[in-house]
Amino acid sequence: MALSIGIVGLPNVGKSTLFNALTKAQNAEAANYPFCTIEPNKATVPVPDERVDALANLVRPQKTIYATVDFIDIAGLVRGASKGEGLGNQFLANIRECAAIIEVARCFEDENIAHVDGSVDPARDVDTIETELLLADIESAGKRLERLQKQVKGDRELGKAVDECARLLEHLNSGKPASAFEVPEHNEPFRQTWHELSLLTAKPVIYCANVDEAGLEEDNEHVRTLSALASAHGAEVVKICARLEEELQGLPDADQKEMLASYGIEESGLVHVIRTGYRTLGLASYFTAGPKEVRAWTFRRGWKAPQAAGVIHTDFEKGFIRAEVIGFDDYMTHKTEAACRATGTLRVEGKDYTVRDGDVMHFLFNV
């Protein structure tokens, strides 16, 4: 299961520069004019995890495979994008399947880089982005309601979806995001509709303050504005200097750490974004370790062992028998699976076991 994050923002806020830095791929044209990104860009990048490296050093596998994150860079939005202006709306469908959205706001002054609205104002940027996302959701919900009304024809079950969809549309039209809509537990026809709609304003949001080098050392007025807005929305803020992150790419690890340390930063923007994404979405990693490969697998916190096994293959979930589990710290202490088994730190868990972040697991199943 890959963590998928859509990156949205106005033109010239550093969105494509951030994408370039995050993916280590200079394939999004970062130019100083609106709508330079004319095709959606998607890149799959490994999740840095020192635990994977530590396991690989002990096990010495043929392959080491990290969990992955899909980043999707969407063309710059402007006011009116949902009405077809500025190219933005045609790209919104590309992030409907994303698990979260990063809203990038410019939080630095630079007279050499034009702002589409004439001045730097992160609160106004966020309002523009979220208005366009909401308008796109209104359009989607409206079309679905029209379709349901044509299909219903005396179907009482489908009628439940029609009534609830009408309530959803009224909610959205009042200016409230889909995340604030209460989905009824016992209305399966509507719950199916809700799932299919994959509304943009229902997704968790991470706000990204793109600053200049000076803004890394001390929060400027723009960062404080964005932080206050995020706090009001119950969301997190990631502060990143996209320009610096882009410069870091291609440098040896030691040089990267030295450059980051000179700005008082311990980890790169990539790691910061991924950790915030994991936290926002309630995700964690468990590991499999053997001579063929050491691998990280992404799962949702709270999942039972069979669900987590299904991440590897659906047969693992369907035919789940039991799981052999070693805590990461125990593995590091005893060094081998055999030693963990001998000391009793390898546990046998059943279908009701709640998987923990960092568990080293081996599943037994029968299909």
# chains A, B, ... in the order shown; residues from 1 in each chain; ligands from 1

$ residues_around --residues "Gly9 in chain A" --least-positions-apart "2" --cutoff "7 Å" --atoms "only C-alpha atoms" --output "list in words"
Ile7, Pro11, Val13, Lys15, Gly76, Leu77, Glu103, Val104, Ala105 and Ile129 of chain A

$ residues_around --residues "Glu217 in chain A" --least-positions-apart "4" --cutoff "9 Å" --atoms "only C-alpha atoms" --output "JSON, numbers by chain"
{"A": [213, 263, 264, 265]}

$ write_last_selection --atoms "C-alpha atoms" --output "mmCIF file, in the first residue's frame"
data_model
loop_
_atom_site.group_PDB
_atom_site.id
_atom_site.type_symbol
_atom_site.label_atom_id
_atom_site.label_comp_id
_atom_site.auth_asym_id
_atom_site.auth_seq_id
_atom_site.Cartn_x
_atom_site.Cartn_y
_atom_site.Cartn_z
ATOM 1 C CA GLU A 213 16.647 30.350 3.502
ATOM 2 C CA TYR A 263 20.576 26.006 8.616
ATOM 3 C CA GLY A 264 19.848 24.250 11.895
ATOM 4 C CA ILE A 265 17.887 21.444 10.190
#

$ select_by_dssp --residues "range 112-326 of chain A" --states "strand (DSSP E or B)" --output "JSON, numbers by chain"
{"A": [205, 206, 207, 208, 209, 210, 236, 237, 238, 239, 240, 283, 284, 285, 286, 287, 288, 289, 293, 294, 295, 296, 297, 298, 299, 300, 304, 320, 321, 322, 323, 324, 325, 326]}

$ select_by_dssp --residues "range 261-363 of chain A" --states "alpha helix (DSSP H)" --output "PyMOL selection string"
chain A and resi 261-262+269-281+305-310+314-318+328-334+337-343

$ residues_around --residues "Tyr66 in chain A" --least-positions-apart "4" --cutoff "9 Å" --atoms "only C-alpha atoms" --output "list in words"
Pro46, Val47, Pro48, Asp49, Val52, Val294, Arg295, Ala296 and Trp297 of chain A

$ residues_around --residues "Arg347 in chain A" --least-positions-apart "6" --cutoff "12 Å" --atoms "only C-alpha atoms" --output "ChimeraX atom specification"
/A:322-327,330-331,337,340-341,353,359-363

$ closest_residue --among "A:Leu244, A:Cys107, A:Val355, A:Ala100" --to "Ser198 in chain A" --atoms "only C-alpha atoms"
A:Ala100

$ closest_residue --among "A:Cys241, A:Ala338, A:Ala232, A:Leu270" --to "Phe108 in chain A" --atoms "only C-alpha atoms"
A:Cys241

$ residues_around --residues "range 156-166 of chain A" --least-positions-apart "6" --cutoff "12 Å" --atoms "only C-alpha atoms" --output "PyMOL selection string"
chain A and resi 138+140-150+172-173+178+181-194+197

$ write_last_selection --atoms "C-alpha atoms" --output "tab-separated table (two decimals), in the first residue's frame"
chain	number	residue	atom	x	y	z
A	138	ILE	CA	-20.08	20.55	-5.59
A	140	SER	CA	-19.19	16.08	-8.62
A	141	ALA	CA	-21.93	15.72	-6.02
A	142	GLY	CA	-24.44	17.52	-8.24
A	143	LYS	CA	-23.76	15.24	-11.19
A	144	ARG	CA	-24.00	12.14	-9.01
A	145	LEU	CA	-27.34	13.32	-7.54
A	146	GLU	CA	-28.77	13.85	-11.04
A	147	ARG	CA	-27.68	10.35	-12.03
A	148	LEU	CA	-29.15	8.77	-8.90
A	149	GLN	CA	-32.45	10.57	-9.42
A	150	LYS	CA	-32.72	9.05	-12.90
A	172	LEU	CA	-21.29	21.69	0.30
A	173	ASN	CA	-23.26	24.60	-1.14
A	178	ALA	CA	-16.95	17.33	2.91
A	181	PHE	CA	-20.24	16.10	6.72
A	182	GLU	CA	-21.52	13.32	8.96
A	183	VAL	CA	-21.83	10.14	6.90
A	184	PRO	CA	-24.65	7.94	8.29
A	185	GLU	CA	-23.53	4.52	9.54
A	186	HIS	CA	-26.58	2.55	8.42
A	187	ASN	CA	-27.09	3.81	4.88
A	188	GLU	CA	-25.05	1.43	2.74
A	189	PRO	CA	-26.26	2.78	-0.65
A	190	PHE	CA	-25.06	6.26	0.27
A	191	ARG	CA	-21.84	5.01	1.86
A	192	GLN	CA	-21.02	3.36	-1.46
A	193	THR	CA	-21.76	6.64	-3.25
A	194	TRP	CA	-19.59	8.53	-0.76
A	197	LEU	CA	-17.14	10.25	-5.07

$ closest_residue --among "A:Val8, A:Leu18, A:Val205, A:Val59" --to "Gly290 in chain A" --atoms "only C-alpha atoms"
A:Val59

$ atom_distance --atom1 "CA of Leu364 in chain A" --atom2 "CA of Phe320 in chain A"
6.4 Å
